[in-house]
2 protein chains.
Amino acid sequence: MKYVISSLLAALLLSCSAGAFAQQAGAKPEQLIKWRQSVYQVLGWNSGRIKANVDGQFNKEEVVRSANTIAALANSGIGALFAPGTETGKGWKETATKPEFFKNQQKVGELAGNFNREANELAKVAASGDSAAIKAQFGKLSQTCKACHDDFKVKD
Amino acid sequence: MKYVISSLLAALLLSCSAGAFAQQAGAKPEQLIKWRQSVYQVLGWNSGRIKANVDGQFNKEEVVRSANTIAALANSGIGALFAPGTETGKGWKETATKPEFFKNQQKVGELAGNFNREANELAKVAASGDSAAIKAQFGKLSQTCKACHDDFKVKD
């Protein structure tokens with residue numbers, strides 16, 4: 001049995017990039033789910049800050065650091081936190097990712113690409129300090145969040 | 001009573017920077033604690049990835065995105081998540097921040113400044129791709145985490 005598992009692990013190693021594997025080294029599914037739930041909380045915190053700024057009293061510095069955090073997370077390789085074995089389970093709480101998420105790699109990849117693109121664009125626009133442009137770009141980013149939640153997130 | 005609260009709120013607005021206030025707009029202490037607990041999880045995820053890379057098979061791309069995420073979080077204004085009212089309470093779980101944290105602003109500011117400096121330096125060093133230099137700088141960053149945990153974090 002140990003040999004079978006070792007062989008499977010070896011096969012998995014060969015089929016993954018070294019980077020993708022290192023991300024999960026030693027991490028249990030529960031930890032991966034906890035990390036991804038944490039990432040979405042941090043995204044929510046920073047989205048909320050940008051919304052508060054574009055809807056109210058505008059503070060460029062806060063918008064820039066919020067947008068930079070969202071972009072860094074978008075670029076961080078969140079996909080690795082949805083590794084096989086994390087389809088169900090509890091991190092901080094039961095996962096809110098629908099089973100369909102894990103069966104639609106192409107669609108998920110497309111939605112993730114849209115999020116990534118708009119998040120990086122927002123960081124650029126934020127640096128300009130143009131509040132109207134930031135508001136417009138934040139709207140585009142929010143649409144990419146919603147698109148994925150609509151299809152693949154269990155409603156709260 | 002409403003007038004008193006409005007006056008207090010107005011005074012508070014005047015005494016805070018607009019940015020600092022917008023960060024907390026409408027957020028309850030429990031939410032702030034949940035956000036900060038999430039931030040530390042994300043820091044842990046990314047620190048773990050860097051450690052796995054400098055101790056094992058080195059993948060520059062993964063180190064860069066991990067270091068950039070840590071730097072973005074260091075720059076994001078985490079201090080706002082320790083606002084008055086969050087000394088005790090439950091986010092995802094009971095806060096692990098010791099009461100002393102809230103009574104030692106100068107020391108906390110100094111430790112936070114060290115963390116911020118080393119995190120931003122790590123992002124720079126990561127971009128160079130020099131694994132030995134990254135390992136050394138990651139060590140410096142880790143010391144700043146430990147220094148704060150030693151004084152102000154309840155042991156798990």
# chains A, B, ... in the order shown; residues from 1 in each chain; ligands from 1
call {"tool": "interface_residues", "arguments": {"of": "chain B", "to": "chain A", "cutoff": "7 Å", "atoms": "only C-alpha atoms", "output": "mmCIF file with all heavy atoms, in the first residue's frame"}}
result
data_model
loop_
_atom_site.group_PDB
_atom_site.id
_atom_site.type_symbol
_atom_site.label_atom_id
_atom_site.label_comp_id
_atom_site.auth_asym_id
_atom_site.auth_seq_id
_atom_site.Cartn_x
_atom_site.Cartn_y
_atom_site.Cartn_z
ATOM 1 N N ALA B 18 -9.069 60.474 6.777
ATOM 2 C CA ALA B 18 -10.205 59.942 6.016
ATOM 3 C C ALA B 18 -9.949 58.484 5.665
ATOM 4 O O ALA B 18 -10.837 57.644 5.726
ATOM 5 C CB ALA B 18 -10.415 60.757 4.747
ATOM 6 N N GLY B 19 -8.719 58.196 5.330
ATOM 7 C CA GLY B 19 -8.373 56.830 4.933
ATOM 8 C C GLY B 19 -8.591 55.854 6.061
ATOM 9 O O GLY B 19 -9.229 54.824 5.893
ATOM 10 N N ALA B 22 -12.301 55.272 6.527
ATOM 11 C CA ALA B 22 -12.945 54.514 5.454
ATOM 12 C C ALA B 22 -12.659 53.025 5.595
ATOM 13 O O ALA B 22 -13.496 52.193 5.288
ATOM 14 C CB ALA B 22 -12.479 55.013 4.092
ATOM 15 N N GLN B 23 -11.464 52.714 6.094
ATOM 16 C CA GLN B 23 -11.105 51.307 6.251
ATOM 17 C C GLN B 23 -12.075 50.555 7.137
ATOM 18 O O GLN B 23 -12.286 49.367 6.971
ATOM 19 C CB GLN B 23 -9.708 51.191 6.864
ATOM 20 C CG GLN B 23 -8.604 51.572 5.899
ATOM 21 C CD GLN B 23 -7.271 51.656 6.575
ATOM 22 O OE1 GLN B 23 -7.197 51.709 7.784
ATOM 23 N NE2 GLN B 23 -6.214 51.663 5.793
ATOM 24 N N TRP B 35 -10.847 39.583 9.535
ATOM 25 C CA TRP B 35 -9.955 40.040 8.464
ATOM 26 C C TRP B 35 -8.486 39.909 8.871
ATOM 27 O O TRP B 35 -7.663 39.459 8.096
ATOM 28 C CB TRP B 35 -10.274 41.498 8.085
ATOM 29 C CG TRP B 35 -11.469 41.648 7.195
ATOM 30 C CD1 TRP B 35 -11.968 40.731 6.307
ATOM 31 C CD2 TRP B 35 -12.320 42.801 7.084
ATOM 32 N NE1 TRP B 35 -13.079 41.250 5.670
ATOM 33 C CE2 TRP B 35 -13.313 42.514 6.121
ATOM 34 C CE3 TRP B 35 -12.340 44.060 7.707
ATOM 35 C CZ2 TRP B 35 -14.307 43.426 5.754
ATOM 36 C CZ3 TRP B 35 -13.334 44.970 7.345
ATOM 37 C CH2 TRP B 35 -14.307 44.658 6.385
ATOM 38 N N SER B 38 -7.385 36.419 8.862
ATOM 39 C CA SER B 38 -7.229 35.979 7.470
ATOM 40 C C SER B 38 -5.924 36.482 6.881
ATOM 41 O O SER B 38 -5.229 35.755 6.160
ATOM 42 C CB SER B 38 -8.414 36.479 6.639
ATOM 43 O OG SER B 38 -9.618 35.891 7.099
ATOM 44 N N VAL B 39 -5.596 37.736 7.171
ATOM 45 C CA VAL B 39 -4.331 38.300 6.684
ATOM 46 C C VAL B 39 -3.161 37.439 7.161
ATOM 47 O O VAL B 39 -2.273 37.090 6.379
ATOM 48 C CB VAL B 39 -4.151 39.761 7.159
ATOM 49 C CG1 VAL B 39 -2.711 40.224 6.961
ATOM 50 C CG2 VAL B 39 -5.113 40.687 6.425
ATOM 51 N N GLN B 41 -3.198 34.313 8.038
ATOM 52 C CA GLN B 41 -3.207 33.025 7.331
ATOM 53 C C GLN B 41 -2.558 33.159 5.954
ATOM 54 O O GLN B 41 -1.784 32.302 5.532
ATOM 55 C CB GLN B 41 -4.646 32.522 7.162
ATOM 56 C CG GLN B 41 -5.222 31.884 8.409
ATOM 57 C CD GLN B 41 -4.601 30.530 8.707
ATOM 58 O OE1 GLN B 41 -4.363 29.734 7.806
ATOM 59 N NE2 GLN B 41 -4.340 30.268 9.969
ATOM 60 N N VAL B 42 -2.896 34.231 5.270
ATOM 61 C CA VAL B 42 -2.345 34.429 3.927
ATOM 62 C C VAL B 42 -0.836 34.686 4.012
ATOM 63 O O VAL B 42 -0.065 34.204 3.177
ATOM 64 C CB VAL B 42 -3.080 35.574 3.187
ATOM 65 C CG1 VAL B 42 -2.452 35.830 1.824
ATOM 66 C CG2 VAL B 42 -4.558 35.231 3.021
ATOM 67 N N TRP B 45 0.658 31.262 4.545
ATOM 68 C CA TRP B 45 0.675 30.505 3.280
ATOM 69 C C TRP B 45 1.880 30.928 2.429
ATOM 70 O O TRP B 45 2.642 30.086 1.943
ATOM 71 C CB TRP B 45 -0.642 30.743 2.514
ATOM 72 C CG TRP B 45 -0.655 30.255 1.093
ATOM 73 C CD1 TRP B 45 -0.181 29.051 0.637
ATOM 74 C CD2 TRP B 45 -1.164 30.956 -0.054
ATOM 75 N NE1 TRP B 45 -0.377 28.971 -0.733
ATOM 76 C CE2 TRP B 45 -0.974 30.119 -1.169
ATOM 77 C CE3 TRP B 45 -1.774 32.200 -0.235
ATOM 78 C CZ2 TRP B 45 -1.366 30.496 -2.467
ATOM 79 C CZ3 TRP B 45 -2.168 32.576 -1.522
ATOM 80 C CH2 TRP B 45 -1.962 31.731 -2.614
ATOM 81 N N ARG B 49 5.440 28.992 1.441
ATOM 82 C CA ARG B 49 5.875 28.738 0.060
ATOM 83 C C ARG B 49 7.316 29.176 -0.141
ATOM 84 O O ARG B 49 8.102 28.495 -0.806
ATOM 85 C CB ARG B 49 4.971 29.489 -0.928
ATOM 86 C CG ARG B 49 3.554 28.968 -0.931
ATOM 87 C CD ARG B 49 2.836 29.304 -2.207
ATOM 88 N NE ARG B 49 2.553 30.734 -2.342
ATOM 89 C CZ ARG B 49 1.960 31.256 -3.405
ATOM 90 N NH1 ARG B 49 1.617 30.481 -4.428
ATOM 91 N NH2 ARG B 49 1.688 32.541 -3.463
ATOM 92 N N ALA B 52 9.598 26.684 1.564
ATOM 93 C CA ALA B 52 9.691 25.435 0.787
ATOM 94 C C ALA B 52 10.623 25.615 -0.406
ATOM 95 O O ALA B 52 11.351 24.703 -0.795
ATOM 96 C CB ALA B 52 8.297 25.008 0.326
ATOM 97 N N ASN B 53 10.622 26.806 -0.967
ATOM 98 C CA ASN B 53 11.458 27.061 -2.144
ATOM 99 C C ASN B 53 12.926 27.276 -1.789
ATOM 100 O O ASN B 53 13.802 26.779 -2.490
ATOM 101 C CB ASN B 53 10.929 28.266 -2.928
ATOM 102 C CG ASN B 53 9.882 27.856 -3.941
ATOM 103 O OD1 ASN B 53 10.206 27.305 -4.990
ATOM 104 N ND2 ASN B 53 8.620 28.075 -3.622
ATOM 105 N N ASN B 59 11.946 27.748 -7.216
ATOM 106 C CA ASN B 59 11.164 28.224 -8.357
ATOM 107 C C ASN B 59 10.998 29.736 -8.206
ATOM 108 O O ASN B 59 10.229 30.201 -7.360
ATOM 109 C CB ASN B 59 9.799 27.518 -8.370
ATOM 110 C CG ASN B 59 8.917 27.954 -9.516
ATOM 111 O OD1 ASN B 59 8.625 29.133 -9.664
ATOM 112 N ND2 ASN B 59 8.497 27.013 -10.339
ATOM 113 N N GLU B 62 7.462 31.407 -8.238
ATOM 114 C CA GLU B 62 6.634 31.232 -7.040
ATOM 115 C C GLU B 62 7.139 32.096 -5.878
ATOM 116 O O GLU B 62 6.346 32.637 -5.103
ATOM 117 C CB GLU B 62 6.604 29.761 -6.624
ATOM 118 C CG GLU B 62 5.578 29.544 -5.518
ATOM 119 C CD GLU B 62 5.447 28.095 -5.085
ATOM 120 O OE1 GLU B 62 6.424 27.343 -5.204
ATOM 121 O OE2 GLU B 62 4.360 27.733 -4.622
ATOM 122 N N ARG B 65 6.022 35.772 -6.546
ATOM 123 C CA ARG B 65 4.622 36.103 -6.268
ATOM 124 C C ARG B 65 4.294 35.990 -4.785
ATOM 125 O O ARG B 65 3.464 36.749 -4.269
ATOM 126 C CB ARG B 65 3.669 35.318 -7.158
ATOM 127 C CG ARG B 65 3.778 33.838 -7.131
ATOM 128 C CD ARG B 65 3.035 33.251 -8.337
ATOM 129 N NE ARG B 65 2.897 31.801 -8.226
ATOM 130 C CZ ARG B 65 2.365 31.039 -9.147
ATOM 131 N NH1 ARG B 65 1.908 31.565 -10.270
ATOM 132 N NH2 ARG B 65 2.255 29.737 -8.985
ATOM 133 N N SER B 66 4.967 35.077 -4.093
ATOM 134 C CA SER B 66 4.755 34.977 -2.639
ATOM 135 C C SER B 66 5.296 36.220 -1.935
ATOM 136 O O SER B 66 4.634 36.792 -1.052
ATOM 137 C CB SER B 66 5.465 33.737 -2.087
ATOM 138 O OG SER B 66 5.014 32.570 -2.731
ATOM 139 N N ASN B 68 5.810 39.159 -3.217
ATOM 140 C CA ASN B 68 4.998 40.327 -3.577
ATOM 141 C C ASN B 68 3.702 40.374 -2.770
ATOM 142 O O ASN B 68 3.231 41.462 -2.392
ATOM 143 C CB ASN B 68 4.662 40.312 -5.073
ATOM 144 C CG ASN B 68 5.848 40.701 -5.931
ATOM 145 O OD1 ASN B 68 6.857 41.207 -5.423
ATOM 146 N ND2 ASN B 68 5.755 40.452 -7.227
ATOM 147 N N THR B 69 3.137 39.211 -2.511
ATOM 148 C CA THR B 69 1.904 39.168 -1.709
ATOM 149 C C THR B 69 2.183 39.605 -0.278
ATOM 150 O O THR B 69 1.431 40.395 0.310
ATOM 151 C CB THR B 69 1.296 37.748 -1.734
ATOM 152 O OG1 THR B 69 1.006 37.392 -3.093
ATOM 153 C CG2 THR B 69 0.015 37.689 -0.923
ATOM 154 N N ALA B 72 2.730 43.355 -0.289
ATOM 155 C CA ALA B 72 1.468 44.092 -0.478
ATOM 156 C C ALA B 72 0.667 44.106 0.822
ATOM 157 O O ALA B 72 0.083 45.133 1.190
ATOM 158 C CB ALA B 72 0.649 43.459 -1.605
ATOM 159 N N LEU B 73 0.656 42.978 1.517
ATOM 160 C CA LEU B 73 -0.065 42.935 2.805
ATOM 161 C C LEU B 73 0.630 43.804 3.847
ATOM 162 O O LEU B 73 -0.033 44.487 4.627
ATOM 163 C CB LEU B 73 -0.186 41.487 3.290
ATOM 164 C CG LEU B 73 -1.196 40.643 2.510
ATOM 165 C CD1 LEU B 73 -1.073 39.168 2.882
ATOM 166 C CD2 LEU B 73 -2.619 41.127 2.758
ATOM 167 N N ASN B 75 2.164 46.448 3.307
ATOM 168 C CA ASN B 75 1.880 47.840 2.940
ATOM 169 C C ASN B 75 0.384 48.186 3.011
ATOM 170 O O ASN B 75 0.013 49.323 2.738
ATOM 171 C CB ASN B 75 2.368 48.115 1.511
ATOM 172 C CG ASN B 75 3.870 47.937 1.367
ATOM 173 O OD1 ASN B 75 4.612 48.107 2.328
ATOM 174 N ND2 ASN B 75 4.323 47.580 0.167
ATOM 175 N N SER B 76 -0.447 47.196 3.306
ATOM 176 C CA SER B 76 -1.893 47.387 3.118
ATOM 177 C C SER B 76 -2.575 48.158 4.248
ATOM 178 O O SER B 76 -3.735 48.549 4.105
ATOM 179 C CB SER B 76 -2.582 46.028 2.938
ATOM 180 O OG SER B 76 -2.573 45.289 4.144
ATOM 181 N N TRP B 92 -12.772 34.488 13.109
ATOM 182 C CA TRP B 92 -12.927 33.059 12.803
ATOM 183 C C TRP B 92 -12.859 32.262 14.106
ATOM 184 O O TRP B 92 -13.446 31.206 14.243
ATOM 185 C CB TRP B 92 -11.801 32.599 11.880
ATOM 186 C CG TRP B 92 -11.857 33.100 10.473
ATOM 187 C CD1 TRP B 92 -10.981 33.945 9.858
ATOM 188 C CD2 TRP B 92 -12.805 32.740 9.454
ATOM 189 N NE1 TRP B 92 -11.332 34.131 8.546
ATOM 190 C CE2 TRP B 92 -12.444 33.409 8.267
ATOM 191 C CE3 TRP B 92 -13.943 31.914 9.434
ATOM 192 C CZ2 TRP B 92 -13.159 33.285 7.072
ATOM 193 C CZ3 TRP B 92 -14.660 31.780 8.234
ATOM 194 C CH2 TRP B 92 -14.266 32.469 7.082
#
call {"tool": "atom_distance", "arguments": {"atom1": "CA of Phe152 in chain B", "atom2": "CA of Pro84 in chain B"}}
result
16.1 Å
call {"tool": "residues_around", "arguments": {"residues": "range 109-114 of chain A", "least_positions_apart": "6", "cutoff": "8 Å", "atoms": "only C-alpha atoms", "output": "list in words"}}
result
Thr144, Ala147 and Cys148 of chain A
call {"tool": "residues_around", "arguments": {"residues": "Lys153 in chain B", "least_positions_apart": "6", "cutoff": "6 Å", "atoms": "only C-alpha atoms", "output": "number ranges by chain"}}
result
B: 96-98
call {"tool": "atom_distance", "arguments": {"atom1": "CA of Gly129 in chain B", "atom2": "CA of Ser128 in chain A"}}
result
29.4 Å
call {"tool": "atom_distance", "arguments": {"atom1": "CA of Lys103 in chain B", "atom2": "CA of Cys145 in chain B"}}
result
19.0 Å
call {"tool": "select_by_dssp", "arguments": {"residues": "range 7-154 of chain A", "states": "helix (DSSP H, G or I)", "output": "MDAnalysis selection string"}}
result
chainID A and resid 7:15 18:24 29:55 60:74 78:82 99:103 105:128 131:152
